[in-house]
Amino acid sequence: MSDSKLDLLQGTLDLMVLQTLAAMGSLHGYGIARRIEQVSGDEVLLNQGTIYASLVRLQQRGWISAEWGTSDNNRRAKFYSITHRGRRQLREDAAYWERLSGVMKRVLAMAEGQGKS
Amino acid sequence: MDWLRHSFQRFRVLFHGAALDNDLDVEMASHLEMAVEENRNNGMSPEEARRQALLKFGGSTRAKEEHRESRGIPFLENTWRDLHYAIRTLRNDRAFTAIAILILALGIGANIVVFSVVNTLLLRPLPFANSQQLVWFSDGHVGGLSSVTYNVGSYEEFRRLNQSFQQVTAYQTFWGSSEYNMTGHGDPQHLQGVMVADNFLSTLGVQPEFGRAILAADCAKGAPMVVMLSHGFWQQEFAGDRSVIGRSVTLSNQTATIVGVLPASFDFPSVFSPGLKADFFLPAYMDDLREWGNTLAIIGRLKPDISISQAQAEAKILYPQLRAAHPEWFADYTADFASLKDYVSGNLRRSLFVLWAAVGLILLIVCVNLANLLLARMASRSKEFAMRGALGASRSRLIRQLITESLVLSCAGAVCGVLLAYGVTVYLAQQGSIGLPLLSSIRVDAASLIWTLFITVVVGILFGLAPGLAMSGGDVQESLKDSGRGTSEGKSQINTRSILVVSEVALACVLLVGAGLLLRSFLRVLDVDLGFQTSRVASLQIDYDDNDKTEKRVAILQEILTRARALPGIETAGVVDMLPLDRNRSWGFSNPLRAYQKGENRSAIVRIVTPGYLGALGIRLIDGRDFNWRDGISSEKAVIINQSAARYHWPGQNPVGRLANCLGKEPVRIIGVVADVRISSMEASPGAEMYVPVSEGSPEGNQLVVRSSLPPDQLTPVVISTLRELNPAQPATTFIPVQSLVDHSVSPRRFFVLLVATFAVLGLVLAALGIYGVISYSVTRQTQEIGIRMALGASPRRVQWSVLSKTMRLALMGMAIGALASFAASKVIASLLFNIEASDPATFVGVLLLLLAVGLLAGYLPAFRATRINPTTALRFE
């Protein structure tokens with residue numbers, strides 16, 4: 001497990017971005033990518049470039065908004081922040097993930113050979 | 001609401017794509033800089049810092065592509081970009097684009113033209129309201145016009161008694177002979193008038209453009225004569241002056257009042273008698289026509305809920321009753337109902353479908369040819385596509401790119417094709433002399449354009465798919481390697497192209513065989529023994545006033561002919577009422593000594609002639625003598641019959657000198673037998689025919705037939721001025737070569753042959769191009785190999801032979817398949833052929849030889865080029 005990284009499931013990146021923005025407030029793309037890497041403990045395989053597709057998708061759905069600004073080290077960057085509707089969406093998606101991972105956990109917890117009893 | 005907003009956002013992106021791309025570039029650049037900076041702060045060297053940042057970021061092109069896909073409507077946006085790209089690529093390769101568009105324009109244009117013809121003649125309803133209710137009456141007899149027509153009594157009785165029709169109407173079928181001499185409006189003119197029953201226009205659902213229609217009162221005996229003008233004649237003669245209503249014109253010494261003008265959309269001859277003209281319409285005076293025998297063509301309009309077979313069932317009961325009630329009627333009338341549409345164009349259906357099939361084959365050949373061209377082009381573009389593939393373009397994206405390109409091509413071709421078709425249809429619509437119905441209304445209409453769109457898309461996808469599939473079968477790595485000249489590379493492509501060429505040759509073979517058979521039929525038709533001569537013979541409509549007195553008529557005609565024959569340049573002259581291949585009528589005719597079965601034909605086509613007519617037209621006298629001016633006047637009545645009549649009514653006997661029953665009660669002496677003359681068409685063998693001198697029957701028109709060494713236009717003024725000395729009212733008619741009757745008669749066949757032959761030649765050229773393209777391409781690919789072989793001592797002849805044999809292999813395979821397919825296809829067109837077997841060996845052999853020759857020629861050029869390959873250059877080429 002140490003060497004290979006996790007491939008991101010379809011749709012999970014969007015949720016991570018939303019959660020990151022909800023937790024951190026306004027951030028630029030690089031910041032979001034780094035934050036996700038740090039939180040995941042470098043366990044996910046993230047091509048940082050793909051974050052921008054996710055960002056534009058979320059933006060178009062009206063879940064995040066973007067604004068040009070200047071980064072700490074004086075670079076022009078787009079700063080993204082979560083919108084009201086984004087928060088609502090995040091709650092729904094997070095609940096869904098909780099349920100799904102709970103189910104997955106229970107399913108995977110079945111010991112082998114249990115079916116015979 | 002959300003989805004709406006979202007869609008709107010995405011749609012907006014279509015128009016702001018560039019700005020968004022730009023934003024993204026800035027964002028990504030900042031991103032990388034930040035990453036580099038962080039890495040450097042972590043103690044990396046500048047190079048390592050950048051390398052790691054890039055690595056982390058992943059492919060920037062891919063990121064952009066993903067960005068684009070998630071932000072917009074990728075389908076539309078990609079299409080838009082594909083379109084741009086396609087147009088740019090095509091513009092860079094002008095020669096290819098021009099050839100492809102030209103081929104497509106020809107193929108699609110030909111299809112639009114044929115579709116327009118088919119649509120007008122077969123698919124579109126006749127230009128009358130609810131035209132599906134219109135029914136044509138034919139009594140099922142074969143022979144002259146009068147055996148498919150009805151007398152006034154039977155028309156009136158059927159009209160009165162039937163229950164199936166809303167209306168039954170009639171027109172006088174000898175309207176072609178209803179020539180009127182219009183005086184008092186400029187020079188005297190010959191006009192064609194059609195006598196129609198009072199309800200003719202209302203049955204067809206035609207309203208006058210202005211003025212009024214012909215009413216029942218106008219048709220009564222002794223009613224003042226009224227006329228309705230056709231739109232064309234009104235425009236031409238009265239310059240569209242609406243005040244013509246109420247004006248009087250003099251038609252053949254009768255004063256008539258103009259009461260109405262018909263709309264331009266009502267083109268009577270194009271429906272009922274293609275190739276002729278109708279200047280005006282006048283009432284059919286039924287009481288006058290009553291004595292004339294069979295003169296009426298009947299058209300009915302069915303009641304809305306009655307089918308044609310129900311009407312037929314009623315007629316089957318009604319006609320025997322009518323016949324029983326009217327023993328005085330000459331003919332035993334029946335009726336075979338056909339929809340008016342079937343009557344007008346039904347017999348053209350097969351020809352038109354063959355034409356449609358031919359043009360469809362052309363389209364297939366065009367597709368195959370373009371697929372071939374595109375494949376050749378793919379070879380040189382394989383690296384481009386491999387590169388795009390390596391950069392992350394999916395295979396389906398690349399195929400879509402290719403199909404976009406082919407659609408751009410086919411659309412461009414379609415646009416040119418529509419222009420081409422527009423020109424051709426306008427030209428066709430003006431060919432009034434072609435004996436095809438409804439031709440004047442042929443045009444590229446909405447239906448044609450929809451059809452165009454359909455075939456354009458189908459064609460574009462078809463020929464775009466071939467290179468697409470070939471590409472997706474290819475190996476990216478292989479293409480990327482800088483080879484391109486190896487002998488193994490592109491082998492599968494060459495195979496695909498070979499299959500395409502073989503099918504192209506096969507398709508061309510089918511077309512050529514079909515065209516060859518039709519062409520040979522056409523030549524056979526032209527070769528038919530007409531029974532009369534057309535060279536140096538011309539005819540002119542003459543007019544005289546005989547007050548319906550036989551003696552006066554004979555005297556006038558004798559005078560006219562004496563003077564005409566005295567004119568310089570005129571060798572012989574005669575007068576006939578109806579020329580062969582033009583119009584005809586039939587009268588009763590039989591052998592009083594022969595027993596006839598019930599229903600056996602006892603009629604013959606009749607032509608009223610002067611002495612000298614037979615000689616002027618070059619009709620061969622087999623036995624007996626020609627008429628003289630005493631026949632029927634100072635000596636007994638005489639008649640001349642044709643060989644068919646002799647054989648039919650006097651089998652095994654010589655009828656000359658015998659008596660025949662015709663022309664009333666007294667038997668008439670047969671004084672001569674002449675060779676058969678084609679009566680109504682070149683293709684139907686003639687039936688019984690008789691010639692009656694002007695002293696014994698009243699002529700239906702007067703054609704002065706002369707044989708002269710002078711051309712018709714030099715003859716006309718001299719003859720007209722001579723005729724005007726005798727009759728100042730002689731209209732300004734002109735001599736028309738008798739050949740034009742033949743031309744008119746064969747015009748539909750000529751029309752079809754011309755079109756099919758054009759398509760076949762087009763197919764042949766395309767097939768030749770296909771062969772040339774493939775062989776030429778393979779020679780180019782093998783330049784190096786050929787160079788080596790020649791360096792090793794292969795003679796140019798050997799090299800040439802190897803190229804030629806490859807060509808021949810393809811051509812022969814195509815020919816073999818094509819010959820089999822043609823054999824099957826020729827059975828379908830068998831009924832369109834004339835005096836020729838569907839499996840005519842000469843045609844098949846000829847076509848195969850032609851294909852072989854063209855194949856050899858197409859292969860010879862590249863083969864010749866192969867022998868000129870210089871081994872040193874070829875090897876250095878590496």
# chains A, B, ... in the order shown; residues from 1 in each chain; ligands from 1

call {"tool": "interface_residues", "arguments": {"of": "chain B", "to": "chain A", "cutoff": "7 Å", "atoms": "only C-alpha atoms", "output": "PyMOL selection string"}}
result
chain B and resi 6+9+27+30-31+56-58+60+63+66-67+70-71

call {"tool": "write_last_selection", "arguments": {"atoms": "N, CA and C atoms", "output": "PDB file, in the first residue's frame"}}
result
ATOM      1  N   HIS B   6     -27.198  25.897 -15.860  1.00  0.00           N
ATOM      2  CA  HIS B   6     -26.005  25.150 -16.203  1.00  0.00           C
ATOM      3  C   HIS B   6     -25.839  25.048 -17.726  1.00  0.00           C
ATOM      4  N   GLN B   9     -24.803  28.309 -19.095  1.00  0.00           N
ATOM      5  CA  GLN B   9     -23.383  28.530 -18.836  1.00  0.00           C
ATOM      6  C   GLN B   9     -22.526  27.802 -19.871  1.00  0.00           C
ATOM      7  N   GLU B  27      -3.735  30.736 -15.135  1.00  0.00           N
ATOM      8  CA  GLU B  27      -3.884  30.007 -13.874  1.00  0.00           C
ATOM      9  C   GLU B  27      -2.838  28.908 -13.757  1.00  0.00           C
ATOM     10  N   SER B  30       0.667  30.254 -13.140  1.00  0.00           N
ATOM     11  CA  SER B  30       0.832  30.631 -11.736  1.00  0.00           C
ATOM     12  C   SER B  30       1.009  29.411 -10.876  1.00  0.00           C
ATOM     13  N   HIS B  31       0.167  28.412 -11.184  1.00  0.00           N
ATOM     14  CA  HIS B  31       0.200  27.169 -10.423  1.00  0.00           C
ATOM     15  C   HIS B  31       1.609  26.588 -10.434  1.00  0.00           C
ATOM     16  N   LYS B  56       4.244  16.664 -11.145  1.00  0.00           N
ATOM     17  CA  LYS B  56       3.061  16.690 -10.296  1.00  0.00           C
ATOM     18  C   LYS B  56       1.828  17.182 -11.061  1.00  0.00           C
ATOM     19  N   PHE B  57       2.081  18.132 -11.917  1.00  0.00           N
ATOM     20  CA  PHE B  57       0.946  18.745 -12.613  1.00  0.00           C
ATOM     21  C   PHE B  57       0.307  17.784 -13.608  1.00  0.00           C
ATOM     22  N   GLY B  58       1.138  16.930 -14.156  1.00  0.00           N
ATOM     23  CA  GLY B  58       0.609  16.028 -15.199  1.00  0.00           C
ATOM     24  C   GLY B  58       0.614  16.742 -16.525  1.00  0.00           C
ATOM     25  N   SER B  60      -0.153  19.014 -19.436  1.00  0.00           N
ATOM     26  CA  SER B  60      -0.918  20.263 -19.441  1.00  0.00           C
ATOM     27  C   SER B  60      -1.945  20.256 -20.572  1.00  0.00           C
ATOM     28  N   ALA B  63      -4.810  18.377 -19.336  1.00  0.00           N
ATOM     29  CA  ALA B  63      -5.561  19.176 -18.375  1.00  0.00           C
ATOM     30  C   ALA B  63      -6.471  20.166 -19.113  1.00  0.00           C
ATOM     31  N   GLU B  66      -9.374  18.339 -20.673  1.00  0.00           N
ATOM     32  CA  GLU B  66     -10.373  17.990 -19.658  1.00  0.00           C
ATOM     33  C   GLU B  66     -11.154  19.213 -19.243  1.00  0.00           C
ATOM     34  N   HIS B  67     -10.429  20.293 -19.136  1.00  0.00           N
ATOM     35  CA  HIS B  67     -11.056  21.540 -18.742  1.00  0.00           C
ATOM     36  C   HIS B  67     -12.131  21.916 -19.740  1.00  0.00           C
ATOM     37  N   SER B  70     -15.158  19.622 -19.573  1.00  0.00           N
ATOM     38  CA  SER B  70     -16.084  19.753 -18.452  1.00  0.00           C
ATOM     39  C   SER B  70     -16.775  21.112 -18.439  1.00  0.00           C
ATOM     40  N   ARG B  71     -16.221  22.073 -19.158  1.00  0.00           N
ATOM     41  CA  ARG B  71     -16.836  23.382 -19.010  1.00  0.00           C
ATOM     42  C   ARG B  71     -17.900  23.640 -20.061  1.00  0.00           C
TER      43      ARG B  71
END

call {"tool": "closest_residue", "arguments": {"among": "A:Val44, A:Ala66, A:Val103, A:Ile36", "to": "A:Met24", "atoms": "only C-alpha atoms"}}
result
A:Ile36

call {"tool": "residues_around", "arguments": {"residues": "stretch 183-188 of chain B", "least_positions_apart": "3", "cutoff": "7 Å", "atoms": "only C-alpha atoms", "output": "list in words"}}
result
Val249, Thr250, Leu251, Ala729, Gln730, Pro731 and Ala732 of chain B

call {"tool": "atom_distance", "arguments": {"atom1": "atom CA of B:Gly818", "atom2": "atom CA of B:Ala421"}}
result
28.8 Å

call {"tool": "atom_distance", "arguments": {"atom1": "atom CA of B:Ala757", "atom2": "atom CA of B:Gly516"}}
result
7.6 Å

call {"tool": "select_by_dssp", "arguments": {"residues": "stretch 527-624 of chain B", "states": "helix (DSSP H, G or I)", "output": "ChimeraX atom specification"}}
result
/B:527,550-566,613-617

call {"tool": "write_last_selection", "arguments": {"atoms": "N, CA and C atoms", "output": "PDB file, in the first residue's frame"}}
result
ATOM      1  N   ASP B 527     -32.722   2.499 -86.242  1.00  0.00           N
ATOM      2  CA  ASP B 527     -32.498   1.706 -87.444  1.00  0.00           C
ATOM      3  C   ASP B 527     -33.780   1.115 -88.005  1.00  0.00           C
ATOM      4  N   THR B 550     -66.525  18.561-101.835  1.00  0.00           N
ATOM      5  CA  THR B 550     -65.467  17.667-102.256  1.00  0.00           C
ATOM      6  C   THR B 550     -64.817  18.116-103.560  1.00  0.00           C
ATOM      7  N   GLU B 551     -65.659  18.479-104.539  1.00  0.00           N
ATOM      8  CA  GLU B 551     -65.102  18.857-105.844  1.00  0.00           C
ATOM      9  C   GLU B 551     -64.167  20.045-105.690  1.00  0.00           C
ATOM     10  N   LYS B 552     -64.632  21.029-104.866  1.00  0.00           N
ATOM     11  CA  LYS B 552     -63.831  22.229-104.692  1.00  0.00           C
ATOM     12  C   LYS B 552     -62.487  21.877-104.027  1.00  0.00           C
ATOM     13  N   ARG B 553     -62.579  20.997-103.011  1.00  0.00           N
ATOM     14  CA  ARG B 553     -61.366  20.595-102.301  1.00  0.00           C
ATOM     15  C   ARG B 553     -60.360  19.953-103.263  1.00  0.00           C
ATOM     16  N   VAL B 554     -60.874  19.025-104.071  1.00  0.00           N
ATOM     17  CA  VAL B 554     -59.998  18.340-105.016  1.00  0.00           C
ATOM     18  C   VAL B 554     -59.367  19.340-105.977  1.00  0.00           C
ATOM     19  N   ALA B 555     -60.176  20.277-106.453  1.00  0.00           N
ATOM     20  CA  ALA B 555     -59.664  21.260-107.403  1.00  0.00           C
ATOM     21  C   ALA B 555     -58.585  22.133-106.754  1.00  0.00           C
ATOM     22  N   ILE B 556     -58.864  22.584-105.523  1.00  0.00           N
ATOM     23  CA  ILE B 556     -57.882  23.443-104.840  1.00  0.00           C
ATOM     24  C   ILE B 556     -56.574  22.694-104.617  1.00  0.00           C
ATOM     25  N   LEU B 557     -56.704  21.482-104.123  1.00  0.00           N
ATOM     26  CA  LEU B 557     -55.483  20.728-103.819  1.00  0.00           C
ATOM     27  C   LEU B 557     -54.693  20.424-105.088  1.00  0.00           C
ATOM     28  N   GLN B 558     -55.434  20.137-106.174  1.00  0.00           N
ATOM     29  CA  GLN B 558     -54.753  19.864-107.440  1.00  0.00           C
ATOM     30  C   GLN B 558     -53.976  21.102-107.894  1.00  0.00           C
ATOM     31  N   GLU B 559     -54.613  22.256-107.720  1.00  0.00           N
ATOM     32  CA  GLU B 559     -53.980  23.521-108.117  1.00  0.00           C
ATOM     33  C   GLU B 559     -52.727  23.787-107.255  1.00  0.00           C
ATOM     34  N   ILE B 560     -52.909  23.597-105.939  1.00  0.00           N
ATOM     35  CA  ILE B 560     -51.777  23.828-105.036  1.00  0.00           C
ATOM     36  C   ILE B 560     -50.599  22.935-105.420  1.00  0.00           C
ATOM     37  N   LEU B 561     -50.908  21.662-105.657  1.00  0.00           N
ATOM     38  CA  LEU B 561     -49.822  20.722-105.938  1.00  0.00           C
ATOM     39  C   LEU B 561     -49.189  21.008-107.290  1.00  0.00           C
ATOM     40  N   THR B 562     -49.996  21.379-108.274  1.00  0.00           N
ATOM     41  CA  THR B 562     -49.428  21.698-109.585  1.00  0.00           C
ATOM     42  C   THR B 562     -48.451  22.855-109.452  1.00  0.00           C
ATOM     43  N   ARG B 563     -48.883  23.897-108.690  1.00  0.00           N
ATOM     44  CA  ARG B 563     -48.003  25.064-108.546  1.00  0.00           C
ATOM     45  C   ARG B 563     -46.763  24.725-107.724  1.00  0.00           C
ATOM     46  N   ALA B 564     -46.985  23.954-106.658  1.00  0.00           N
ATOM     47  CA  ALA B 564     -45.852  23.617-105.792  1.00  0.00           C
ATOM     48  C   ALA B 564     -44.809  22.817-106.562  1.00  0.00           C
ATOM     49  N   ARG B 565     -45.279  21.869-107.339  1.00  0.00           N
ATOM     50  CA  ARG B 565     -44.329  21.025-108.067  1.00  0.00           C
ATOM     51  C   ARG B 565     -43.568  21.810-109.103  1.00  0.00           C
ATOM     52  N   ALA B 566     -44.154  22.931-109.538  1.00  0.00           N
ATOM     53  CA  ALA B 566     -43.486  23.729-110.560  1.00  0.00           C
ATOM     54  C   ALA B 566     -42.391  24.606-109.956  1.00  0.00           C
ATOM     55  N   TYR B 613     -48.721  11.793-102.725  1.00  0.00           N
ATOM     56  CA  TYR B 613     -48.274  11.787-101.324  1.00  0.00           C
ATOM     57  C   TYR B 613     -47.345  10.603-101.057  1.00  0.00           C
ATOM     58  N   LEU B 614     -47.737   9.436-101.540  1.00  0.00           N
ATOM     59  CA  LEU B 614     -46.932   8.239-101.268  1.00  0.00           C
ATOM     60  C   LEU B 614     -45.508   8.435-101.788  1.00  0.00           C
ATOM     61  N   GLY B 615     -45.413   9.001-103.002  1.00  0.00           N
ATOM     62  CA  GLY B 615     -44.099   9.225-103.588  1.00  0.00           C
ATOM     63  C   GLY B 615     -43.305  10.272-102.821  1.00  0.00           C
ATOM     64  N   ALA B 616     -43.995  11.343-102.396  1.00  0.00           N
ATOM     65  CA  ALA B 616     -43.294  12.427-101.706  1.00  0.00           C
ATOM     66  C   ALA B 616     -42.677  11.935-100.403  1.00  0.00           C
ATOM     67  N   LEU B 617     -43.392  11.077 -99.682  1.00  0.00           N
ATOM     68  CA  LEU B 617     -42.868  10.587 -98.417  1.00  0.00           C
ATOM     69  C   LEU B 617     -42.007   9.341 -98.626  1.00  0.00           C
TER      70      LEU B 617
END

call {"tool": "residues_around", "arguments": {"residues": "stretch 167-169 of chain B", "least_positions_apart": "3", "cutoff": "7 Å", "atoms": "only C-alpha atoms", "output": "MDAnalysis selection string"}}
result
chainID B and resid 159 197 199:200 203 298:301

call {"tool": "atom_distance", "arguments": {"atom1": "atom CA of B:Val194", "atom2": "atom CA of B:Gln132"}}
result
23.7 Å

call {"tool": "residues_around", "arguments": {"residues": "B:Val639", "least_positions_apart": "4", "cutoff": "6 Å", "atoms": "only C-alpha atoms", "output": "list in words"}}
result
Ile670, Tyr691 and Val692 of chain B

call {"tool": "write_last_selection", "arguments": {"atoms": "C-alpha atoms", "output": "mmCIF file, in the first residue's frame"}}
result
data_model
loop_
_atom_site.group_PDB
_atom_site.id
_atom_site.type_symbol
_atom_site.label_atom_id
_atom_site.label_comp_id
_atom_site.auth_asym_id
_atom_site.auth_seq_id
_atom_site.Cartn_x
_atom_site.Cartn_y
_atom_site.Cartn_z
ATOM 1 C CA ILE B 670 -58.327 -1.847 -103.570
ATOM 2 C CA TYR B 691 -55.014 5.459 -97.686
ATOM 3 C CA VAL B 692 -58.105 7.176 -98.989
#

call {"tool": "residues_around", "arguments": {"residues": "stretch 747-756 of chain B", "least_positions_apart": "3", "cutoff": "10 Å", "atoms": "only C-alpha atoms", "output": "VMD selection string"}}
result
chain B and resid 110 114 275 348 351 to 352 354 to 359 428 433 to 437 511 to 512 514 to 523 525 740 to 744 759 to 762 832

call {"tool": "select_by_dssp", "arguments": {"residues": "chain A", "states": "strand (DSSP E or B)", "output": "list in words"}}
result
Leu6, Leu27, His28, Val44, Ile64, Ser65, Ala66, Glu67, Trp68, Gly69, Thr70, Arg76, Ala77, Lys78, Phe79, Tyr80, Ser81 and Ile82 of chain A

call {"tool": "write_last_selection", "arguments": {"atoms": "N, CA and C atoms", "output": "CSV table (one decimal), in the first residue's frame"}}
result
chain,number,residue,atom,x,y,z
A,6,LEU,N,-3.7,5.8,-4.5
A,6,LEU,CA,-5.1,5.5,-4.9
A,6,LEU,C,-5.5,6.3,-6.1
A,27,LEU,N,-9.4,29.9,-1.8
A,27,LEU,CA,-8.1,29.3,-2.1
A,27,LEU,C,-7.9,29.4,-3.6
A,28,HIS,N,-6.6,29.4,-4.1
A,28,HIS,CA,-6.4,29.2,-5.5
A,28,HIS,C,-6.1,27.7,-5.8
A,44,VAL,N,-3.3,9.8,-2.4
A,44,VAL,CA,-4.1,9.7,-3.7
A,44,VAL,C,-3.1,10.2,-4.8
A,64,ILE,N,-19.3,26.8,-6.5
A,64,ILE,CA,-18.2,27.7,-6.1
A,64,ILE,C,-18.2,28.9,-6.9
A,65,SER,N,-17.5,29.9,-6.4
A,65,SER,CA,-17.4,31.1,-7.2
A,65,SER,C,-15.9,31.4,-7.3
A,66,ALA,N,-15.5,32.2,-8.3
A,66,ALA,CA,-14.1,32.5,-8.5
A,66,ALA,C,-13.8,34.0,-8.7
A,67,GLU,N,-12.6,34.4,-8.4
A,67,GLU,CA,-12.3,35.8,-8.4
A,67,GLU,C,-10.8,35.9,-8.6
A,68,TRP,N,-10.4,36.8,-9.5
A,68,TRP,CA,-9.0,37.0,-9.7
A,68,TRP,C,-8.4,37.7,-8.5
A,69,GLY,N,-7.2,37.3,-8.1
A,69,GLY,CA,-6.6,38.0,-7.0
A,69,GLY,C,-5.1,37.8,-7.0
A,70,THR,N,-4.4,38.2,-6.0
A,70,THR,CA,-3.0,38.1,-6.0
A,70,THR,C,-2.6,37.1,-4.8
A,76,ARG,N,-0.6,36.5,-10.0
A,76,ARG,CA,-2.1,36.5,-10.3
A,76,ARG,C,-2.6,35.1,-10.3
A,77,ALA,N,-3.7,35.0,-9.6
A,77,ALA,CA,-4.3,33.7,-9.5
A,77,ALA,C,-5.8,33.8,-9.3
A,78,LYS,N,-6.5,32.8,-9.6
A,78,LYS,CA,-8.0,32.8,-9.4
A,78,LYS,C,-8.2,32.2,-8.0
A,79,PHE,N,-9.0,32.9,-7.2
A,79,PHE,CA,-9.3,32.4,-5.9
A,79,PHE,C,-10.7,31.9,-5.9
A,80,TYR,N,-10.9,30.7,-5.4
A,80,TYR,CA,-12.2,30.0,-5.4
A,80,TYR,C,-12.7,30.0,-4.0
A,81,SER,N,-14.1,30.2,-3.9
A,81,SER,CA,-14.7,30.0,-2.6
A,81,SER,C,-16.0,29.3,-2.7
A,82,ILE,N,-16.4,28.6,-1.7
A,82,ILE,CA,-17.7,27.8,-1.8
A,82,ILE,C,-18.9,28.8,-1.7

call {"tool": "residues_around", "arguments": {"residues": "B:Val510", "least_positions_apart": "4", "cutoff": "8 Å", "atoms": "only C-alpha atoms", "output": "JSON, numbers by chain"}}
result
{"B": [506, 514, 818, 819, 821, 822, 825]}

call {"tool": "write_last_selection", "arguments": {"atoms": "C-alpha atoms", "output": "mmCIF file, in the first residue's frame"}}
result
data_model
loop_
_atom_site.group_PDB
_atom_site.id
_atom_site.type_symbol
_atom_site.label_atom_id
_atom_site.label_comp_id
_atom_site.auth_asym_id
_atom_site.auth_seq_id
_atom_site.Cartn_x
_atom_site.Cartn_y
_atom_site.Cartn_z
ATOM 1 C CA ALA B 506 -17.680 -3.734 -60.770
ATOM 2 C CA GLY B 514 -26.936 -1.087 -68.691
ATOM 3 C CA GLY B 818 -19.316 -6.644 -62.467
ATOM 4 C CA ALA B 819 -20.193 -8.995 -65.298
ATOM 5 C CA ALA B 821 -23.924 -8.309 -61.369
ATOM 6 C CA SER B 822 -24.655 -6.851 -64.796
ATOM 7 C CA ALA B 825 -29.237 -6.237 -63.534
#
